[in-house]
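What follows is one structure encoded as structure tokens, with my remarks underneath.
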Amino acid sequence: MGIYDVKGESDAALVERVLAGETDAYAGLVARYRDRLGRYAVRMLGNVADAEEALQDAFVRGYRSLARCTDADRFGAWLFGILVNRCRTLGKQRARRHNLVVFDEPAVAKAAVAHSADRDATREAIEWAVAQISATNREAFLLKYVEELSYDEMTVITGASVSALKMRVARAREDLRRLLAEVERD
Amino acid sequence: MRPGASQLISVLALVAGLNAVAVTAVAQEPRLRDRLLEPTRIAVDAILDSAHAEGLPTEPLVDRALEGASKGAAGDRIVAAVQRLWGELRTARISLGLGSSAPEIVAGASALRAGADPDDLTRLRELRTRQSLTVASATLADLVAVGVPVDTAVAAVIALAEGADDADYLAFRRNVERDIALGASPVTALGVRLGAAAAGAFSNVEPASSQGSQRPRKP
Amino acid sequence: MTEGNGWLDRAIEALKEPVQFGDAFDRHVMAEIEAGPGPRAWSSRFWTILDWLRRGRPVSVSPLGGLALAAGIALVALLGQDMLEPEVQGAPVAATVDGSVVQFVIVEPAATAVSLVGDFNDWSAAANPMQRVEGNGVWSVTIPLTAGRYRYAFLVNGSIWLSDPSAPPTLDDEFGRPGSVVTIGES
């Protein structure tokens with residue numbers, strides 16, 4: 001299976017091909033959305049291993065229920081909704097099992113996350129702080145500021161009301177500010 | 001050290017952590033004899049013995065060990081899984097009442113695994129005194145398994161407790177699952193189905209709010 | 001750093017840093033997809049299965065008739081509203097009756113052997129082999145179940161573990177393999 005060249009083919013075209021029986025065409029959708037969706041999973045779950053698991057699970061579920069993606073042009077958004085749910089479920093399981101929300105710095109250093117070569121202290125502090133706040137608030141914060149969704153889009157994905165989401169975002173912002181101020185003082 | 005020896009030591013360390021009767025006095029479950037390595041079988045038999053002495057159903061524990069054997073799991077992982085289930089069965093039985101049936105206890109243990117509080121099971125029992133809690137507890141666990149946050153799942157199951165019969169619970173869970181497969185968020189799907197239940201199917205049911213009820217959490 | 005809103009902008013900028021997963025990830029996803037049933041499985045075979053469930057089958061399959069679609073085989077639970085026949089949708093659920101007969105179904109056209117394995121048969125791969133029905137890769141077996149909650153899975157060709165796509169999954173895959181759950185209530 002070589003690199004699937006999908007330049008120019010829309011999501012809808014690829015989805016149609018997959019539903020017509022060309023399973024390989026799904027690899028094109030995976031390649032297209034992997035990093036974009038993966039970034040959310042990494043920020044939400046705090047480590048690459050869990051993010052990969054949630055992301056793989058989301059892609060497989062997306063494939064299996066592809067016939068129910070009613071608007072194939074919005075495949076990415078539809079799949080993103082599946083991923084948000086997967087991150088929730090996995091995050092809950094991990095938290096119960098490991099009492100974990102702390103971002104493990106040595107693990108981060110070893111993680112195969114190939115973004116900028118020099119991870120300076122500021123970035124580590126930010127990622128640590130994001131991992132400390134509650135999962136519900138973190139989810140809203142990431143959807144709003146990193147994924148840049150509108151509150152209406154966030155309502156569809158999370159099931160929460162716009163007012164609840166605004167409160168979560170505000171609380172996340174306040175908690176992050178407080179945490180980063182503490183880090184600064186150290 | 002021989003490879004087998006290190007596994008034996010870790011399994012026996014787990015056994016030592018159990019308040020088990022003397023290993024030599026434990027009865028043997030025949031189905032385990034051919035399926036588990038000896039150190040694992042000894043540890044599991046010790047758990048079965050203790051569970052039986054406490055009045056807990058032991059069949060689910062045997063099943064869990066056989067599942068692990070069938071899937072080729074390592075001995076210490078099997079023992080850990082059986083031990084974990086043992087704890088959950090004990091808590092479920094206490095929360096549901098000592099007169100609970102084995103299916104109720106097993107389903108209650110699943111609900112605990114899903115993240116429900118023991119108090120939630122007790123509350124279910126208070127609300128649903130004349131019916132078995134097997135399906136209600138199972139519905140809670142199954143909703144969480146398909147992505148509904150546990151607080152919301154608990155609220156839904158409790159809201160349905162007085163008015164719904166077992167078939168209603170199963171239909172409810174299947175409908176929520178279908179809506180999720182169609183792309184709805186789990187909380188939205190649940191809210192919609194709960195609203196529909198209140199409007200039509202069950203006369204005694206209070207719907208949760210569409211965002212999912214907030215239940216009080218202990219600090 | 002946290003005075004004013006500059007800190008927020010910097011935080012967002014850091015969080016927006018791209019993340020890269022390698023091609024190995026794609027391969028793992030496609031491998032898992034190819035090992036399991038496809039979206040096509042439902043849309044192309046659904047009418048066959050639906051007809052088969054509705055019409056009832058020869059003696060080797062239990063006399064379910066138009067009734068008893070147990071939770072474990074609720075293919076209909078995954079089908080869209082527009083595809084459901086009213087009689088199927090309204091069918092009572094076997095899983096509420098103590099002492100039920102439950103039918104398990106999976107679509108696996110590439111399999112040469114499929115077993116139902118679970119709590120109800122001591123996780124023995126030999127106890128409940130499934131029979132191939134029709135020519136479209138539909139496998140089925142029917143077993144009696146008393147009240148209880150049962151973990152199970154399908155074992156394909158003796159080595160591949162599959163969960164039942166139409167049933168709730170187990171909460172954790174305790175032993176690193178997928179699984180499903182069926183619950184039978186007491187009467």
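Going by the structure tokens order, chains are called A, B, ..., each with residues numbered from 1, while ligands are numbered from 1 in the order shown.
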
Could you build a table of the residues in chain A lying no more than 9 Å from chain C, giving for each the nearest pair of atoms and their separation in Å rounded to one decimal place, using only C-alpha atoms, ordered by chain and ascending residue number, as a Markdown table?
| residue | atom | partner | partner_atom | distance |
| --- | --- | --- | --- | --- |
| A:Met1 | CA | C:Arg27 | CA | 8.4 |
| A:Ile3 | CA | C:Asp23 | CA | 8.5 |
| A:Val18 | CA | C:Pro39 | CA | 8.3 |
| A:Leu19 | CA | C:Arg40 | CA | 5.9 |
| A:Ala20 | CA | C:Arg40 | CA | 7.4 |
| A:Gly21 | CA | C:Arg40 | CA | 6.6 |
| A:Thr23 | CA | C:Glu34 | CA | 7.8 |
| A:Asp24 | CA | C:Met30 | CA | 7.9 |
| A:Tyr26 | CA | C:Met30 | CA | 8.0 |
| A:Ala27 | CA | C:Met30 | CA | 6.6 |
| A:Val30 | CA | C:Asp26 | CA | 6.5 |
| A:Ala31 | CA | C:Asp26 | CA | 6.7 |
| A:Arg34 | CA | C:Phe21 | CA | 7.0 |
| A:Asp35 | CA | C:Gln20 | CA | 5.3 |
| A:Arg36 | CA | C:Pro18 | CA | 7.5 |
| A:Gly38 | CA | C:Val19 | CA | 6.8 |
| A:Arg39 | CA | C:Val19 | CA | 5.2 |
| A:Tyr40 | CA | C:Val19 | CA | 8.9 |
| A:Val42 | CA | C:Val19 | CA | 8.0 |
| A:Arg43 | CA | C:Leu15 | CA | 7.1 |
| A:Glu52 | CA | C:Phe25 | CA | 7.7 |
| A:Gln56 | CA | C:Val29 | CA | 5.8 |
| A:Asp57 | CA | C:Val29 | CA | 8.2 |
| A:Phe59 | CA | C:Val29 | CA | 7.0 |
| A:Val60 | CA | C:Ile33 | CA | 6.0 |
| A:Tyr63 | CA | C:Pro39 | CA | 6.4 |
| A:Arg64 | CA | C:Pro39 | CA | 4.8 |
| A:Ser65 | CA | C:Pro39 | CA | 5.9 |
| A:Leu66 | CA | C:Pro39 | CA | 5.9 |
| A:Ala67 | CA | C:Pro39 | CA | 6.0 |
| A:Arg68 | CA | C:Gly80 | CA | 7.4 |
| A:Gln93 | CA | C:Asp172 | CA | 8.3 |
| A:Ala112 | CA | C:Phe21 | CA | 8.1 |
| A:Val113 | CA | C:Gln20 | CA | 6.2 |
| A:Ala114 | CA | C:Gln20 | CA | 5.7 |
| A:His115 | CA | C:Val19 | CA | 5.8 |
| A:Ser116 | CA | C:Glu17 | CA | 8.0 |
| A:Thr122 | CA | C:Ala11 | CA | 8.7 |
| A:Arg123 | CA | C:Ala14 | CA | 6.0 |
| A:Ile126 | CA | C:Ala11 | CA | 6.0 |
| A:Glu127 | CA | C:Leu15 | CA | 7.4 |
| A:Leu142 | CA | C:Leu15 | CA | 8.4 |
| A:Tyr145 | CA | C:Ile12 | CA | 6.5 |
| A:Val146 | CA | C:Lys16 | CA | 5.7 |
| A:Glu147 | CA | C:Lys16 | CA | 8.2 |
| A:Arg173 | CA | C:Leu8 | CA | 7.8 |
| A:Leu176 | CA | C:Leu8 | CA | 8.6 |
| A:Arg177 | CA | C:Thr2 | CA | 6.0 |
| A:Arg178 | CA | C:Thr2 | CA | 8.0 |
| A:Leu180 | CA | C:Thr2 | CA | 6.7 |
| A:Ala181 | CA | C:Thr2 | CA | 5.7 |
| A:Glu184 | CA | C:Met1 | CA | 7.1 |

Expected file: the selected residues, C-alpha atoms, as a CSV table (one decimal), in the first residue's frame:
chain,number,residue,atom,x,y,z
A,1,MET,CA,0.0,0.0,0.0
A,3,ILE,CA,1.2,6.7,-0.3
A,18,VAL,CA,-15.1,3.9,0.0
A,19,LEU,CA,-18.8,3.2,0.1
A,20,ALA,CA,-18.6,1.8,-3.4
A,21,GLY,CA,-16.2,-0.8,-2.1
A,23,THR,CA,-11.5,0.4,1.0
A,24,ASP,CA,-8.1,1.8,0.1
A,26,TYR,CA,-10.2,5.5,3.1
A,27,ALA,CA,-6.4,5.7,3.6
A,30,VAL,CA,-6.9,9.1,7.2
A,31,ALA,CA,-3.8,10.8,5.7
A,34,ARG,CA,-4.7,12.4,10.9
A,35,ASP,CA,-2.4,15.3,12.0
A,36,ARG,CA,-5.2,17.8,12.3
A,38,GLY,CA,-4.4,14.1,16.2
A,39,ARG,CA,-3.3,17.5,17.5
A,40,TYR,CA,-6.6,17.8,19.4
A,42,VAL,CA,-2.7,15.0,22.0
A,43,ARG,CA,-3.7,18.3,23.7
A,52,GLU,CA,-3.0,7.6,18.9
A,56,GLN,CA,-7.2,5.1,15.6
A,57,ASP,CA,-10.4,4.2,17.3
A,59,PHE,CA,-10.9,6.5,12.3
A,60,VAL,CA,-12.0,2.8,12.5
A,63,TYR,CA,-15.1,3.8,8.6
A,64,ARG,CA,-17.5,1.3,10.0
A,65,SER,CA,-20.3,3.8,10.3
A,66,LEU,CA,-19.4,5.7,7.1
A,67,ALA,CA,-22.8,5.0,5.5
A,68,ARG,CA,-24.3,7.2,8.2
A,93,GLN,CA,-10.8,5.4,31.7
A,112,ALA,CA,7.5,10.8,19.1
A,113,VAL,CA,5.8,14.2,18.6
A,114,ALA,CA,7.7,15.8,15.7
A,115,HIS,CA,6.9,19.4,16.2
A,116,SER,CA,9.5,22.1,16.7
A,122,THR,CA,7.2,28.2,28.3
A,123,ARG,CA,5.6,25.6,26.0
A,126,ILE,CA,1.5,25.7,28.9
A,127,GLU,CA,1.0,22.1,28.1
A,142,LEU,CA,-9.5,23.5,23.0
A,145,TYR,CA,-9.4,28.5,20.9
A,146,VAL,CA,-7.4,25.8,19.2
A,147,GLU,CA,-9.9,24.3,16.9
A,173,ARG,CA,-9.1,30.5,30.9
A,176,LEU,CA,-4.9,28.4,33.1
A,177,ARG,CA,-4.1,32.0,34.0
A,178,ARG,CA,-3.8,31.1,37.7
A,180,LEU,CA,0.7,29.8,34.6
A,181,ALA,CA,1.1,32.6,37.2
A,184,GLU,CA,6.0,31.9,36.7

Within 6 Å of chain B: each chain A residue with its shortest pair, only C-alpha atoms, as a tab-separated table:
residue	atom	partner	partner_atom	distance
A:Arg68	CA	B:Leu182	CA	5.5
A:Thr89	CA	B:Gly147	CA	6.0
A:Ile157	CA	B:Ser185	CA	5.7
A:Gly159	CA	B:Thr188	CA	4.8
A:Ala160	CA	B:Gln211	CA	5.4

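Interatomic distance, CA of Ile143 (chain C) to CA of Pro60 (chain B): 18.8 Å.
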
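The shortest atom-to-atom distance to chain C, with only C-alpha atoms taken into account, belongs to B:Ala80 out of B:Ala80, B:Ala159, B:Ile42, B:Ala197.
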
Task: Distance in Å - CA of Pro144 (chain C) versus CA of Phe120 (chain C) - done: 9.2 Å

Task: Distance of CA of Ala65 (chain B) from CA of Leu116 (chain C), expressed in Å to one decimal place - done: 17.5 Å

- [ ] Return the single residue from C:Asn121, C:Asn136, C:Asn128, C:Thr142 that is closest to chain B, with distances computed using only C-alpha atoms.
- [x] C:Asn121

- [ ] Quick one: pick out all alpha helix (DSSP H) residues within chain A from a backbone DSSP run and write them as number ranges by chain.
- [x] A: 11-19, 25-45, 48-64, 75-98, 105-110, 121-132, 135-141, 151-158, 162-185

- [ ] Counting only C-alpha atoms, figure out which residue out of C:Gln103, C:Ser115, C:Ser180, C:Thr170 gets nearest to chain B.
- [x] C:Thr170

- [ ] Point out the residue among C:Asp164, C:Asp119, C:Gln131, C:Val141 with the least atom-to-atom distance to chain B, counting only C-alpha atoms.
- [x] C:Asp119

- [ ] Fewer than 4 positions away in the same chain doesn't count, so skip those; otherwise give me all residues within 8 Å of Thr139 (chain B), counting only C-alpha atoms, as a list in words.
- [x] Val135, Leu143, Val157, Tyr169, Leu170 and Arg173 of chain B

Task: Leu79 (chain A) environment, 7 Å, only C-alpha atoms, sequence neighbours closer than 4 positions dropped, as an MDAnalysis selection string - done: chainID A and resid 62 75 83

Open item on the list: What's around Ala13 (chain A) at 12 Å? Count only C-alpha atoms, leave out sequence neighbours fewer than 4 positions away in its own chain, and write the answer as JSON, numbers by chain.
Closed with: {"A": [6, 7, 8, 9, 17, 18, 19, 20, 22, 25, 26, 28, 29, 71, 72, 73, 74, 75]}

Same residues, C-alpha atoms, saved as a PDB file, in the first residue's frame:
ATOM      1  CA  VAL A   6      -5.468  12.426  -2.812  1.00  0.00           C
ATOM      2  CA  LYS A   7      -4.620  15.836  -4.175  1.00  0.00           C
ATOM      3  CA  GLY A   8      -7.718  17.360  -5.610  1.00  0.00           C
ATOM      4  CA  GLU A   9     -10.195  14.707  -4.523  1.00  0.00           C
ATOM      5  CA  ARG A  17     -15.444   5.587  -3.390  1.00  0.00           C
ATOM      6  CA  VAL A  18     -15.104   3.907  -0.024  1.00  0.00           C
ATOM      7  CA  LEU A  19     -18.818   3.171   0.087  1.00  0.00           C
ATOM      8  CA  ALA A  20     -18.612   1.776  -3.427  1.00  0.00           C
ATOM      9  CA  GLU A  22     -12.741   0.836  -2.553  1.00  0.00           C
ATOM     10  CA  ALA A  25      -9.633   5.154  -0.611  1.00  0.00           C
ATOM     11  CA  TYR A  26     -10.194   5.524   3.123  1.00  0.00           C
ATOM     12  CA  GLY A  28      -6.627   9.036   1.775  1.00  0.00           C
ATOM     13  CA  LEU A  29      -9.040  10.390   4.354  1.00  0.00           C
ATOM     14  CA  ASP A  71     -23.130  15.070   4.611  1.00  0.00           C
ATOM     15  CA  ALA A  72     -19.964  13.684   3.072  1.00  0.00           C
ATOM     16  CA  ASP A  73     -18.612  17.160   2.397  1.00  0.00           C
ATOM     17  CA  ARG A  74     -18.427  17.596   6.147  1.00  0.00           C
ATOM     18  CA  PHE A  75     -16.695  14.299   6.751  1.00  0.00           C
TER      19      PHE A  75
END

- [ ] Would you mind listing what lies within 6 Å of region 84-97 of chain B as number ranges by chain, with only C-alpha atoms counted and same-chain residues fewer than 2 positions away left out?
- [x] B: 81-82, 99-100, 105, 108-109, 118, 121-122

Task: Residues near Ala153 (chain C), cut-off 7 Å, only C-alpha atoms, skip fewer than 2 positions along chain, as a VMD selection string - done: chain C and resid 116 to 118 155 161 to 164 179 to 180
